[in-house]
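Peer 1: My structure is stored as entry-v9.pdb, with PDB, C-alpha atoms (C1' of nucleotides).
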```
ATOM      1  CA  MET A  10     -19.384   5.367  15.407  1.00  0.00           C
ATOM      2  CA  ARG A  11     -20.040   3.538  18.597  1.00  0.00           C
ATOM      3  CA  PHE A  12     -19.971  -0.218  19.182  1.00  0.00           C
ATOM      4  CA  ARG A  13     -19.749  -2.687  22.017  1.00  0.00           C
ATOM      5  CA  LYS A  14     -16.459  -4.076  23.248  1.00  0.00           C
ATOM      6  CA  LEU A  15     -16.139  -7.714  22.279  1.00  0.00           C
ATOM      7  CA  HIS A  16     -12.941  -8.650  24.109  1.00  0.00           C
ATOM      8  CA  ASP A  17      -9.502  -7.458  25.245  1.00  0.00           C
ATOM      9  CA  TRP A  18      -6.516  -7.279  22.920  1.00  0.00           C
ATOM     10  CA  ASP A  19      -3.608  -8.069  25.240  1.00  0.00           C
ATOM     11  CA  LEU A  20      -3.339 -11.699  24.227  1.00  0.00           C
ATOM     12  CA  THR A  21      -0.613 -14.201  23.551  1.00  0.00           C
ATOM     13  CA  PRO A  22      -0.675 -15.926  20.164  1.00  0.00           C
ATOM     14  CA  LYS A  23      -2.091 -19.062  21.776  1.00  0.00           C
ATOM     15  CA  GLU A  24      -4.841 -17.098  23.463  1.00  0.00           C
ATOM     16  CA  ALA A  25      -5.573 -15.357  20.180  1.00  0.00           C
ATOM     17  CA  VAL A  26      -6.070 -18.699  18.425  1.00  0.00           C
ATOM     18  CA  ALA A  27      -8.359 -19.880  21.239  1.00  0.00           C
ATOM     19  CA  LEU A  28     -10.377 -16.680  20.930  1.00  0.00           C
ATOM     20  CA  GLN A  29     -10.786 -17.176  17.179  1.00  0.00           C
ATOM     21  CA  ARG A  30     -12.107 -20.683  17.798  1.00  0.00           C
ATOM     22  CA  GLN A  31     -14.569 -19.247  20.284  1.00  0.00           C
ATOM     23  CA  LEU A  32     -15.762 -16.274  18.205  1.00  0.00           C
ATOM     24  CA  VAL A  33     -16.148 -18.093  14.899  1.00  0.00           C
ATOM     25  CA  SER A  34     -19.519 -19.502  15.981  1.00  0.00           C
ATOM     26  CA  GLN A  35     -20.947 -15.984  16.144  1.00  0.00           C
ATOM     27  CA  VAL A  36     -20.238 -15.198  12.511  1.00  0.00           C
ATOM     28  CA  VAL A  37     -23.424 -14.902  10.436  1.00  0.00           C
ATOM     29  CA  LEU A  38     -23.112 -16.613   7.068  1.00  0.00           C
ATOM     30  CA  ASN A  39     -26.063 -15.050   5.309  1.00  0.00           C
ATOM     31  CA  ARG A  40     -27.348 -11.588   4.559  1.00  0.00           C
ATOM     32  CA  PRO A  41     -30.185 -10.668   6.967  1.00  0.00           C
ATOM     33  CA  ASP A  42     -30.337  -7.151   5.522  1.00  0.00           C
ATOM     34  CA  LYS A  43     -31.604  -7.605   1.981  1.00  0.00           C
ATOM     35  CA  ARG A  44     -31.347  -3.941   1.006  1.00  0.00           C
ATOM     36  CA  PRO A  45     -28.546  -3.280  -1.457  1.00  0.00           C
ATOM     37  CA  PRO A  46     -25.722  -1.484   0.366  1.00  0.00           C
ATOM     38  CA  GLN A  47     -25.352   2.173  -0.616  1.00  0.00           C
ATOM     39  CA  LEU A  48     -22.583   3.347   1.660  1.00  0.00           C
ATOM     40  CA  ILE A  49     -19.532   1.118   1.365  1.00  0.00           C
ATOM     41  CA  ALA A  50     -16.481   1.375   3.578  1.00  0.00           C
ATOM     42  CA  GLY A  51     -12.997   0.300   2.600  1.00  0.00           C
ATOM     43  CA  VAL A  52     -10.297  -0.225   5.222  1.00  0.00           C
ATOM     44  CA  ASP A  53      -6.526  -0.515   5.077  1.00  0.00           C
ATOM     45  CA  ALA A  54      -3.383  -0.168   7.168  1.00  0.00           C
ATOM     46  CA  SER A  55       0.099   1.163   6.513  1.00  0.00           C
ATOM     47  CA  TYR A  56       3.387   1.052   8.437  1.00  0.00           C
ATOM     48  CA  PRO A  57       6.841   2.539   7.971  1.00  0.00           C
ATOM     49  CA  ARG A  58       9.680   0.150   7.043  1.00  0.00           C
ATOM     50  CA  PHE A  59      10.785  -1.509  10.269  1.00  0.00           C
ATOM     51  CA  SER A  60       8.142  -0.300  12.645  1.00  0.00           C
ATOM     52  CA  ASN A  61       4.950  -1.418  14.341  1.00  0.00           C
ATOM     53  CA  ARG A  62       3.474   2.072  14.247  1.00  0.00           C
ATOM     54  CA  ILE A  63       0.340   1.415  12.299  1.00  0.00           C
ATOM     55  CA  THR A  64      -1.728   3.992  10.507  1.00  0.00           C
ATOM     56  CA  ALA A  65      -5.143   2.403  10.089  1.00  0.00           C
ATOM     57  CA  GLY A  66      -7.931   4.056   8.219  1.00  0.00           C
ATOM     58  CA  VAL A  67     -11.427   3.751   6.812  1.00  0.00           C
ATOM     59  CA  VAL A  68     -13.046   5.536   3.889  1.00  0.00           C
ATOM     60  CA  VAL A  69     -16.806   5.529   3.414  1.00  0.00           C
ATOM     61  CA  CYS A  70     -17.914   6.089  -0.146  1.00  0.00           C
ATOM     62  CA  HIS A  71     -21.101   6.098  -2.142  1.00  0.00           C
ATOM     63  CA  ARG A  72     -21.726   3.069  -4.284  1.00  0.00           C
ATOM     64  CA  ASP A  73     -22.993   5.095  -7.229  1.00  0.00           C
ATOM     65  CA  ASP A  74     -19.999   7.253  -8.019  1.00  0.00           C
ATOM     66  CA  TRP A  75     -17.393   6.383  -5.368  1.00  0.00           C
ATOM     67  CA  SER A  76     -17.572   9.896  -3.988  1.00  0.00           C
ATOM     68  CA  ILE A  77     -16.147   9.975  -0.480  1.00  0.00           C
ATOM     69  CA  VAL A  78     -18.683  10.548   2.281  1.00  0.00           C
ATOM     70  CA  GLU A  79     -16.295  10.463   5.212  1.00  0.00           C
ATOM     71  CA  SER A  80     -12.910   9.129   6.260  1.00  0.00           C
ATOM     72  CA  SER A  81     -11.077   8.591   9.527  1.00  0.00           C
ATOM     73  CA  TYR A  82      -7.750   7.215  10.635  1.00  0.00           C
ATOM     74  CA  ALA A  83      -5.811   6.424  13.776  1.00  0.00           C
ATOM     75  CA  VAL A  84      -2.128   5.955  14.533  1.00  0.00           C
ATOM     76  CA  LEU A  85      -0.985   3.602  17.253  1.00  0.00           C
ATOM     77  CA  ASP A  86       1.690   1.069  18.052  1.00  0.00           C
ATOM     78  CA  SER A  87       0.420  -2.357  17.146  1.00  0.00           C
ATOM     79  CA  PRO A  88       0.470  -4.737  20.122  1.00  0.00           C
ATOM     80  CA  PHE A  89       0.947  -7.798  17.964  1.00  0.00           C
ATOM     81  CA  PRO A  90       3.488  -8.963  15.361  1.00  0.00           C
ATOM     82  CA  TYR A  91       2.445 -10.187  11.936  1.00  0.00           C
ATOM     83  CA  VAL A  92       1.661 -13.877  12.206  1.00  0.00           C
ATOM     84  CA  PRO A  93      -0.105 -15.600   9.293  1.00  0.00           C
ATOM     85  CA  GLY A  94      -3.579 -16.464  10.564  1.00  0.00           C
ATOM     86  CA  LEU A  95      -3.533 -13.797  13.281  1.00  0.00           C
ATOM     87  CA  LEU A  96      -3.533 -10.633  11.189  1.00  0.00           C
ATOM     88  CA  SER A  97      -6.578  -9.149  12.899  1.00  0.00           C
ATOM     89  CA  PHE A  98      -4.776  -9.016  16.243  1.00  0.00           C
ATOM     90  CA  ARG A  99      -2.202  -6.765  14.623  1.00  0.00           C
ATOM     91  CA  GLU A 100      -4.470  -4.481  12.620  1.00  0.00           C
ATOM     92  CA  LEU A 101      -7.889  -4.365  14.286  1.00  0.00           C
ATOM     93  CA  PRO A 102      -7.027  -2.302  17.362  1.00  0.00           C
ATOM     94  CA  GLY A 103      -5.972   0.552  15.086  1.00  0.00           C
ATOM     95  CA  LEU A 104      -8.826  -0.009  12.658  1.00  0.00           C
ATOM     96  CA  LEU A 105     -11.427   0.086  15.428  1.00  0.00           C
ATOM     97  CA  GLU A 106      -9.976   3.375  16.667  1.00  0.00           C
ATOM     98  CA  ALA A 107     -10.432   4.751  13.171  1.00  0.00           C
ATOM     99  CA  PHE A 108     -14.081   3.635  13.168  1.00  0.00           C
ATOM    100  CA  LYS A 109     -14.658   5.437  16.462  1.00  0.00           C
ATOM    101  CA  GLY A 110     -13.876   8.677  14.672  1.00  0.00           C
ATOM    102  CA  LEU A 111     -16.532   8.002  12.039  1.00  0.00           C
ATOM    103  CA  LYS A 112     -19.996   9.586  12.202  1.00  0.00           C
ATOM    104  CA  THR A 113     -21.395   7.601   9.309  1.00  0.00           C
ATOM    105  CA  ARG A 114     -22.344   3.975   9.792  1.00  0.00           C
ATOM    106  CA  PRO A 115     -21.593   2.199   6.481  1.00  0.00           C
ATOM    107  CA  ASP A 116     -23.998  -0.377   5.043  1.00  0.00           C
ATOM    108  CA  ALA A 117     -21.159  -2.732   4.203  1.00  0.00           C
ATOM    109  CA  ILE A 118     -17.397  -3.000   4.634  1.00  0.00           C
ATOM    110  CA  ILE A 119     -14.728  -4.432   2.362  1.00  0.00           C
ATOM    111  CA  VAL A 120     -11.536  -5.529   4.099  1.00  0.00           C
ATOM    112  CA  ASP A 121      -8.107  -5.959   2.570  1.00  0.00           C
ATOM    113  CA  GLY A 122      -7.578  -9.580   3.645  1.00  0.00           C
ATOM    114  CA  GLN A 123      -9.495 -12.807   4.111  1.00  0.00           C
ATOM    115  CA  GLY A 124     -12.835 -13.421   5.739  1.00  0.00           C
ATOM    116  CA  ARG A 125     -13.808 -17.073   6.053  1.00  0.00           C
ATOM    117  CA  ALA A 126     -10.985 -18.097   3.749  1.00  0.00           C
ATOM    118  CA  HIS A 127      -8.848 -18.729   6.800  1.00  0.00           C
ATOM    119  CA  PRO A 128      -7.527 -21.909   8.486  1.00  0.00           C
ATOM    120  CA  ARG A 129     -10.000 -21.472  11.361  1.00  0.00           C
ATOM    121  CA  ARG A 130     -12.604 -19.673   9.209  1.00  0.00           C
ATOM    122  CA  PHE A 131     -12.015 -16.451  11.097  1.00  0.00           C
ATOM    123  CA  GLY A 132      -9.999 -13.981   9.066  1.00  0.00           C
ATOM    124  CA  ILE A 133      -9.853 -10.249   9.714  1.00  0.00           C
ATOM    125  CA  GLY A 134     -13.041  -9.716   7.690  1.00  0.00           C
ATOM    126  CA  CYS A 135     -15.043 -11.867  10.123  1.00  0.00           C
ATOM    127  CA  HIS A 136     -13.375 -10.338  13.143  1.00  0.00           C
ATOM    128  CA  LEU A 137     -14.073  -6.743  12.091  1.00  0.00           C
ATOM    129  CA  GLY A 138     -17.641  -7.540  11.040  1.00  0.00           C
ATOM    130  CA  LEU A 139     -18.345  -9.102  14.428  1.00  0.00           C
ATOM    131  CA  TRP A 140     -16.932  -6.154  16.373  1.00  0.00           C
ATOM    132  CA  LEU A 141     -19.008  -3.641  14.448  1.00  0.00           C
ATOM    133  CA  ASP A 142     -21.977  -5.888  13.649  1.00  0.00           C
ATOM    134  CA  ILE A 143     -21.914  -4.626  10.070  1.00  0.00           C
ATOM    135  CA  PRO A 144     -22.046  -6.734   6.881  1.00  0.00           C
ATOM    136  CA  THR A 145     -18.439  -7.324   5.852  1.00  0.00           C
ATOM    137  CA  ILE A 146     -16.580  -9.143   3.116  1.00  0.00           C
ATOM    138  CA  GLY A 147     -12.925 -10.046   2.774  1.00  0.00           C
ATOM    139  CA  CYS A 148     -10.958  -9.367  -0.402  1.00  0.00           C
ATOM    140  CA  GLY A 149      -7.427 -10.724  -0.309  1.00  0.00           C
ATOM    141  CA  LYS A 150      -4.731 -10.028  -2.879  1.00  0.00           C
ATOM    142  CA  THR A 151      -3.079 -13.383  -2.263  1.00  0.00           C
ATOM    143  CA  ARG A 152      -4.086 -16.751  -0.857  1.00  0.00           C
ATOM    144  CA  LEU A 153      -3.830 -17.749   2.783  1.00  0.00           C
ATOM    145  CA  CYS A 154      -5.180 -21.291   2.494  1.00  0.00           C
ATOM    146  CA  GLY A 155      -7.314 -23.454   0.241  1.00  0.00           C
ATOM    147  CA  GLU A 156      -6.978 -24.887  -3.252  1.00  0.00           C
ATOM    148  CA  PHE A 157      -8.520 -23.849  -6.522  1.00  0.00           C
ATOM    149  CA  ALA A 158      -8.549 -24.243 -10.261  1.00  0.00           C
ATOM    150  CA  GLU A 159      -7.383 -21.243 -12.265  1.00  0.00           C
ATOM    151  CA  PRO A 160     -10.455 -19.136 -13.092  1.00  0.00           C
ATOM    152  CA  SER A 161     -11.095 -18.174 -16.737  1.00  0.00           C
ATOM    153  CA  ASN A 162      -9.029 -15.261 -17.950  1.00  0.00           C
ATOM    154  CA  GLU A 163     -11.942 -12.873 -18.461  1.00  0.00           C
ATOM    155  CA  ARG A 164     -13.343 -10.400 -15.986  1.00  0.00           C
ATOM    156  CA  GLY A 165     -15.997 -12.218 -13.982  1.00  0.00           C
ATOM    157  CA  GLY A 166     -14.171 -15.547 -14.205  1.00  0.00           C
ATOM    158  CA  ARG A 167     -14.249 -17.378 -10.881  1.00  0.00           C
ATOM    159  CA  SER A 168     -13.654 -20.696  -9.183  1.00  0.00           C
ATOM    160  CA  ASP A 169     -14.314 -22.082  -5.730  1.00  0.00           C
ATOM    161  CA  LEU A 170     -11.613 -21.792  -3.097  1.00  0.00           C
ATOM    162  CA  ILE A 171     -11.735 -25.082  -1.203  1.00  0.00           C
ATOM    163  CA  ASP A 172     -10.172 -26.163   2.068  1.00  0.00           C
ATOM    164  CA  LYS A 173     -10.884 -29.491   3.775  1.00  0.00           C
ATOM    165  CA  GLU A 174     -13.742 -30.270   1.403  1.00  0.00           C
ATOM    166  CA  GLU A 175     -15.374 -26.949   2.199  1.00  0.00           C
ATOM    167  CA  VAL A 176     -15.970 -23.959  -0.077  1.00  0.00           C
ATOM    168  CA  ILE A 177     -14.418 -21.086   1.872  1.00  0.00           C
ATOM    169  CA  GLY A 178     -14.363 -18.426  -0.819  1.00  0.00           C
ATOM    170  CA  GLU A 179     -14.138 -17.569  -4.500  1.00  0.00           C
ATOM    171  CA  VAL A 180     -11.086 -16.825  -6.589  1.00  0.00           C
ATOM    172  CA  LEU A 181     -12.420 -13.960  -8.659  1.00  0.00           C
ATOM    173  CA  ARG A 182     -11.077 -12.241 -11.763  1.00  0.00           C
ATOM    174  CA  THR A 183     -12.101  -8.578 -11.571  1.00  0.00           C
ATOM    175  CA  ARG A 184     -10.090  -7.619 -14.672  1.00  0.00           C
ATOM    176  CA  THR A 185      -9.420  -9.557 -17.837  1.00  0.00           C
ATOM    177  CA  GLY A 186      -5.867 -10.858 -17.975  1.00  0.00           C
ATOM    178  CA  VAL A 187      -5.002  -9.747 -14.453  1.00  0.00           C
ATOM    179  CA  LYS A 188      -4.373 -11.795 -11.299  1.00  0.00           C
ATOM    180  CA  PRO A 189      -7.585 -12.712  -9.468  1.00  0.00           C
ATOM    181  CA  VAL A 190      -8.560 -11.654  -5.941  1.00  0.00           C
ATOM    182  CA  TYR A 191      -9.635 -13.943  -3.105  1.00  0.00           C
ATOM    183  CA  ALA A 192     -13.197 -13.186  -2.022  1.00  0.00           C
ATOM    184  CA  SER A 193     -14.832 -14.555   1.087  1.00  0.00           C
ATOM    185  CA  ILE A 194     -17.593 -13.881   3.562  1.00  0.00           C
ATOM    186  CA  GLY A 195     -16.732 -11.711   6.525  1.00  0.00           C
ATOM    187  CA  HIS A 196     -19.993 -11.348   8.424  1.00  0.00           C
ATOM    188  CA  LYS A 197     -23.703 -11.088   7.548  1.00  0.00           C
ATOM    189  CA  PHE A 198     -23.037 -11.900   3.909  1.00  0.00           C
ATOM    190  CA  ASP A 199     -23.330 -14.837   1.550  1.00  0.00           C
ATOM    191  CA  LEU A 200     -20.679 -15.733  -0.994  1.00  0.00           C
ATOM    192  CA  VAL A 201     -22.789 -14.979  -4.062  1.00  0.00           C
ATOM    193  CA  SER A 202     -23.670 -11.495  -2.824  1.00  0.00           C
ATOM    194  CA  ALA A 203     -20.064 -10.900  -1.828  1.00  0.00           C
ATOM    195  CA  VAL A 204     -18.841 -11.736  -5.332  1.00  0.00           C
ATOM    196  CA  ASP A 205     -21.566  -9.548  -6.863  1.00  0.00           C
ATOM    197  CA  LEU A 206     -20.608  -6.606  -4.708  1.00  0.00           C
ATOM    198  CA  LEU A 207     -16.906  -7.012  -5.416  1.00  0.00           C
ATOM    199  CA  LEU A 208     -17.484  -7.061  -9.165  1.00  0.00           C
ATOM    200  CA  ASP A 209     -19.662  -3.985  -8.800  1.00  0.00           C
ATOM    201  CA  CYS A 210     -16.991  -2.256  -6.782  1.00  0.00           C
ATOM    202  CA  ALA A 211     -14.190  -3.108  -9.202  1.00  0.00           C
ATOM    203  CA  PRO A 212     -15.435  -1.905 -12.610  1.00  0.00           C
ATOM    204  CA  ARG A 213     -11.987  -0.835 -13.808  1.00  0.00           C
ATOM    205  CA  TYR A 214      -9.155  -1.871 -11.555  1.00  0.00           C
ATOM    206  CA  ARG A 215      -8.204  -5.176  -9.984  1.00  0.00           C
ATOM    207  CA  LEU A 216      -9.010  -4.061  -6.444  1.00  0.00           C
ATOM    208  CA  PRO A 217     -12.422  -2.763  -5.365  1.00  0.00           C
ATOM    209  CA  GLU A 218     -12.722   1.015  -5.324  1.00  0.00           C
ATOM    210  CA  PRO A 219     -13.309   1.346  -1.564  1.00  0.00           C
ATOM    211  CA  ILE A 220     -10.067  -0.535  -0.894  1.00  0.00           C
ATOM    212  CA  ARG A 221      -8.169   1.630  -3.355  1.00  0.00           C
ATOM    213  CA  LEU A 222      -9.510   4.781  -1.746  1.00  0.00           C
ATOM    214  CA  ALA A 223      -8.613   3.481   1.713  1.00  0.00           C
ATOM    215  CA  HIS A 224      -5.147   2.489   0.544  1.00  0.00           C
ATOM    216  CA  HIS A 225      -4.401   5.960  -0.781  1.00  0.00           C
ATOM    217  CA  PHE A 226      -5.954   7.563   2.257  1.00  0.00           C
ATOM    218  CA  VAL A 227      -3.880   5.710   4.863  1.00  0.00           C
ATOM    219  CA  ASN A 228      -0.665   6.196   2.918  1.00  0.00           C
ATOM    220  CA  GLU A 229      -1.250   9.937   2.628  1.00  0.00           C
ATOM    221  CA  SER A 230      -2.260  10.069   6.274  1.00  0.00           C
ATOM    222  CA  ARG A 231       0.863   8.264   7.390  1.00  0.00           C
ATOM    223  CA  LEU A 232       3.193  10.523   5.456  1.00  0.00           C
ATOM    224  CA  ALA A 233       1.323  13.640   6.552  1.00  0.00           C
ATOM    225  CA  SER A 234       0.983  12.844  10.242  1.00  0.00           C
ATOM    226  CA  THR A 235       3.586  10.349  11.330  1.00  0.00           C
ATOM    227  CA  GLU A 236       7.183  11.522  11.347  1.00  0.00           C
ATOM    228  CA  ASP A 237       7.866   7.796  11.222  1.00  0.00           C
ATOM    229  CA  ALA A 238       9.072   5.950  14.318  1.00  0.00           C
TER     230      ALA A 238
ATOM    231  C1'  DG B  25      10.718 -33.189   9.879  1.00  0.00           C
ATOM    232  C1'  DC B  26       9.303 -30.167   5.677  1.00  0.00           C
ATOM    233  C1'  DG B  27       6.821 -26.699   3.204  1.00  0.00           C
ATOM    234  C1'  DA B  28       3.155 -22.940   3.298  1.00  0.00           C
ATOM    235  C1'  DC B  29       2.080 -18.777   5.147  1.00  0.00           C
ATOM    236  C1'  DA B  30      -3.655 -12.622   4.453  1.00  0.00           C
ATOM    237  C1'  DG B  31      -1.009  -7.748   5.573  1.00  0.00           C
TER     238       DG B  31
ATOM    239  C1'  DA C  19       3.222  -4.264   5.016  1.00  0.00           C
ATOM    240  C1'  DT C  20       7.766  -1.726   3.126  1.00  0.00           C
ATOM    241  C1'  DC C  21      11.805  -0.519  -0.299  1.00  0.00           C
ATOM    242  C1'  DT C  22      12.508   0.626  -5.441  1.00  0.00           C
ATOM    243  C1'  DT C  23      13.709   1.646 -11.514  1.00  0.00           C
ATOM    244  C1'  DG C  24      12.726   0.310 -15.287  1.00  0.00           C
ATOM    245  C1'  DT C  25       9.912  -1.959 -18.509  1.00  0.00           C
ATOM    246  C1'  DC C  26       6.283  -4.406 -21.057  1.00  0.00           C
ATOM    247  C1'  DG C  27       1.545  -4.025 -22.932  1.00  0.00           C
ATOM    248  C1'  DC C  28      -3.178  -2.299 -23.808  1.00  0.00           C
TER     249       DC C  28
END
```
Rewrite the structure from the file as structure tokens, please.
Peer 2:
Amino acid sequence: MRFRKLHDWDLTPKEAVALQRQLVSQVVLNRPDKRPPQLIAGVDASYPRFSNRITAGVVVCHRDDWSIVESSYAVLDSPFPYVPGLLSFRELPGLLEAFKGLKTRPDAIIVDGQGRAHPRRFGIGCHLGLWLDIPTIGCGKTRLCGEFAEPSNERGGRSDLIDKEEVIGEVLRTRTGVKPVYASIGHKFDLVSAVDLLLDCAPRYRLPEPIRLAHHFVNESRLASTEDA
DNA sequence: GCGACAG
DNA sequence: ATCTTGTCGC
């Protein structure tokens, strides 16, 4: 896949925050492409215990049966430490390299992390979507910010995630009796469609299938390629 | 100043 | 994110 460079990555944390504030205005909060996405990509990253050597990968699968169409990964030393609110500056450089090795252009992407459900409304889901200009949604396993009422215990149960009087995402139960996930818009999506897609993508397990596939893929890739450093 | 804090 | 054994429940 090819895409245009949006900005440099050699930034200080303060510069990174300033860049988020600048880029957030370019995020598209609706779904211009009304066609239902067929090819869905899941992305994830993995590191060895005390290392910044990131193995970032993407798996493109078919929405009908989750068969894998293509996958790609990249290994590189992350230029940024983990700082809550600045995750994309740690993981995107590697993730974008992985996308460069992809021939298929997915119709939608699901990211392991927040989209708009972020203090500055610019989580990794928004950042990746902007770089690739592909519809993207964020699906976090835990909360970064915002408040919410516990959603009903059944699959499909949901409640608004609210920060500063604003609905920034949905706390969504994808499995009855299991912890909910945190869904939010990344780019070129609306919250209702994002929740619909996530429920579609998670018919059996808590996490959406594309994310599960990506998770397994990057872990296998790391163990197979990296002799850990 | 204190607590919270995606992966 | 990573490390790690057993254990509870459908």
Peer 1: In Å, with one decimal, what is the gap from CA of Pro160 (chain A) to CA of Ala50 (chain A)?
Peer 2: 27.1 Å
Peer 1: May I have the residues within 10 Å of DC29 (chain B) as a list in words, using only C-alpha atoms (C1' of nucleotides) and disregarding those fewer than 4 positions away in the same chain?
Peer 2: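 The residues that qualify are Val92, Pro93, Gly94, Arg152, Leu153 and Cys154 of chain A.
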Peer 1: Can you translate the PyMOL selection byres ((chain A) within 9 of (chain C)) into the concrete residues it hits in this file, as a PyMOL selection string?
Peer 2: chain A and resi 54-59
Peer 1: Pull out every residue of chain A sitting within 12 Å of chain B, counting only C-alpha atoms (C1' of nucleotides), and send them as a PDB file with C-alpha atoms, keeping the file's coordinate frame.
Peer 2:
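Written file, selection_30.pdb:
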```
ATOM      1  CA  VAL A  52     -10.297  -0.225   5.222  1.00  0.00           C
ATOM      2  CA  ASP A  53      -6.526  -0.515   5.077  1.00  0.00           C
ATOM      3  CA  ALA A  54      -3.383  -0.168   7.168  1.00  0.00           C
ATOM      4  CA  SER A  55       0.099   1.163   6.513  1.00  0.00           C
ATOM      5  CA  TYR A  56       3.387   1.052   8.437  1.00  0.00           C
ATOM      6  CA  ILE A  63       0.340   1.415  12.299  1.00  0.00           C
ATOM      7  CA  ALA A  65      -5.143   2.403  10.089  1.00  0.00           C
ATOM      8  CA  PRO A  90       3.488  -8.963  15.361  1.00  0.00           C
ATOM      9  CA  TYR A  91       2.445 -10.187  11.936  1.00  0.00           C
ATOM     10  CA  VAL A  92       1.661 -13.877  12.206  1.00  0.00           C
ATOM     11  CA  PRO A  93      -0.105 -15.600   9.293  1.00  0.00           C
ATOM     12  CA  GLY A  94      -3.579 -16.464  10.564  1.00  0.00           C
ATOM     13  CA  LEU A  95      -3.533 -13.797  13.281  1.00  0.00           C
ATOM     14  CA  LEU A  96      -3.533 -10.633  11.189  1.00  0.00           C
ATOM     15  CA  SER A  97      -6.578  -9.149  12.899  1.00  0.00           C
ATOM     16  CA  PHE A  98      -4.776  -9.016  16.243  1.00  0.00           C
ATOM     17  CA  ARG A  99      -2.202  -6.765  14.623  1.00  0.00           C
ATOM     18  CA  GLU A 100      -4.470  -4.481  12.620  1.00  0.00           C
ATOM     19  CA  LEU A 101      -7.889  -4.365  14.286  1.00  0.00           C
ATOM     20  CA  VAL A 120     -11.536  -5.529   4.099  1.00  0.00           C
ATOM     21  CA  ASP A 121      -8.107  -5.959   2.570  1.00  0.00           C
ATOM     22  CA  GLY A 122      -7.578  -9.580   3.645  1.00  0.00           C
ATOM     23  CA  GLN A 123      -9.495 -12.807   4.111  1.00  0.00           C
ATOM     24  CA  GLY A 124     -12.835 -13.421   5.739  1.00  0.00           C
ATOM     25  CA  ARG A 125     -13.808 -17.073   6.053  1.00  0.00           C
ATOM     26  CA  ALA A 126     -10.985 -18.097   3.749  1.00  0.00           C
ATOM     27  CA  HIS A 127      -8.848 -18.729   6.800  1.00  0.00           C
ATOM     28  CA  PRO A 128      -7.527 -21.909   8.486  1.00  0.00           C
ATOM     29  CA  PHE A 131     -12.015 -16.451  11.097  1.00  0.00           C
ATOM     30  CA  GLY A 132      -9.999 -13.981   9.066  1.00  0.00           C
ATOM     31  CA  ILE A 133      -9.853 -10.249   9.714  1.00  0.00           C
ATOM     32  CA  GLY A 134     -13.041  -9.716   7.690  1.00  0.00           C
ATOM     33  CA  GLY A 147     -12.925 -10.046   2.774  1.00  0.00           C
ATOM     34  CA  CYS A 148     -10.958  -9.367  -0.402  1.00  0.00           C
ATOM     35  CA  GLY A 149      -7.427 -10.724  -0.309  1.00  0.00           C
ATOM     36  CA  LYS A 150      -4.731 -10.028  -2.879  1.00  0.00           C
ATOM     37  CA  THR A 151      -3.079 -13.383  -2.263  1.00  0.00           C
ATOM     38  CA  ARG A 152      -4.086 -16.751  -0.857  1.00  0.00           C
ATOM     39  CA  LEU A 153      -3.830 -17.749   2.783  1.00  0.00           C
ATOM     40  CA  CYS A 154      -5.180 -21.291   2.494  1.00  0.00           C
ATOM     41  CA  GLY A 155      -7.314 -23.454   0.241  1.00  0.00           C
ATOM     42  CA  VAL A 190      -8.560 -11.654  -5.941  1.00  0.00           C
ATOM     43  CA  TYR A 191      -9.635 -13.943  -3.105  1.00  0.00           C
ATOM     44  CA  ALA A 192     -13.197 -13.186  -2.022  1.00  0.00           C
ATOM     45  CA  SER A 193     -14.832 -14.555   1.087  1.00  0.00           C
TER      46      SER A 193
END
```
Peer 1: Mind listing as a PDB file with C-alpha atoms, keeping the file's coordinate frame all residues within 12 Å of (-17.9, 6.4, -8.9), counting only C-alpha atoms (C1' of nucleotides)?
Peer 2:
```
ATOM      1  CA  GLN A  47     -25.352   2.173  -0.616  1.00  0.00           C
ATOM      2  CA  LEU A  48     -22.583   3.347   1.660  1.00  0.00           C
ATOM      3  CA  ILE A  49     -19.532   1.118   1.365  1.00  0.00           C
ATOM      4  CA  CYS A  70     -17.914   6.089  -0.146  1.00  0.00           C
ATOM      5  CA  HIS A  71     -21.101   6.098  -2.142  1.00  0.00           C
ATOM      6  CA  ARG A  72     -21.726   3.069  -4.284  1.00  0.00           C
ATOM      7  CA  ASP A  73     -22.993   5.095  -7.229  1.00  0.00           C
ATOM      8  CA  ASP A  74     -19.999   7.253  -8.019  1.00  0.00           C
ATOM      9  CA  TRP A  75     -17.393   6.383  -5.368  1.00  0.00           C
ATOM     10  CA  SER A  76     -17.572   9.896  -3.988  1.00  0.00           C
ATOM     11  CA  ILE A  77     -16.147   9.975  -0.480  1.00  0.00           C
ATOM     12  CA  VAL A  78     -18.683  10.548   2.281  1.00  0.00           C
ATOM     13  CA  ASP A 209     -19.662  -3.985  -8.800  1.00  0.00           C
ATOM     14  CA  CYS A 210     -16.991  -2.256  -6.782  1.00  0.00           C
ATOM     15  CA  ALA A 211     -14.190  -3.108  -9.202  1.00  0.00           C
ATOM     16  CA  PRO A 212     -15.435  -1.905 -12.610  1.00  0.00           C
ATOM     17  CA  ARG A 213     -11.987  -0.835 -13.808  1.00  0.00           C
ATOM     18  CA  PRO A 217     -12.422  -2.763  -5.365  1.00  0.00           C
ATOM     19  CA  GLU A 218     -12.722   1.015  -5.324  1.00  0.00           C
ATOM     20  CA  PRO A 219     -13.309   1.346  -1.564  1.00  0.00           C
ATOM     21  CA  LEU A 222      -9.510   4.781  -1.746  1.00  0.00           C
TER      22      LEU A 222
END
```
Peer 1: Just to confirm, what's the straight-line distance from CA of Ile194 (chain A) to CA of Val26 (chain A) in Å (one decimal)?
Peer 2: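 Taking CA of Ile194 (chain A) as the start and CA of Val26 (chain A) as the end point, the length is 19.4 Å.
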Peer 1: What residues come out when you apply the PyMOL selection byres ((chain A and resi 82) around 6) to this file, written as a PDB file with C-alpha atoms, keeping the file's coordinate frame?
Peer 2:
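So the final result, stored in part_11.pdb, reads:
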```
ATOM      1  CA  ALA A  65      -5.143   2.403  10.089  1.00  0.00           C
ATOM      2  CA  GLY A  66      -7.931   4.056   8.219  1.00  0.00           C
ATOM      3  CA  SER A  81     -11.077   8.591   9.527  1.00  0.00           C
ATOM      4  CA  ALA A  83      -5.811   6.424  13.776  1.00  0.00           C
ATOM      5  CA  ALA A 107     -10.432   4.751  13.171  1.00  0.00           C
TER       6      ALA A 107
END
```
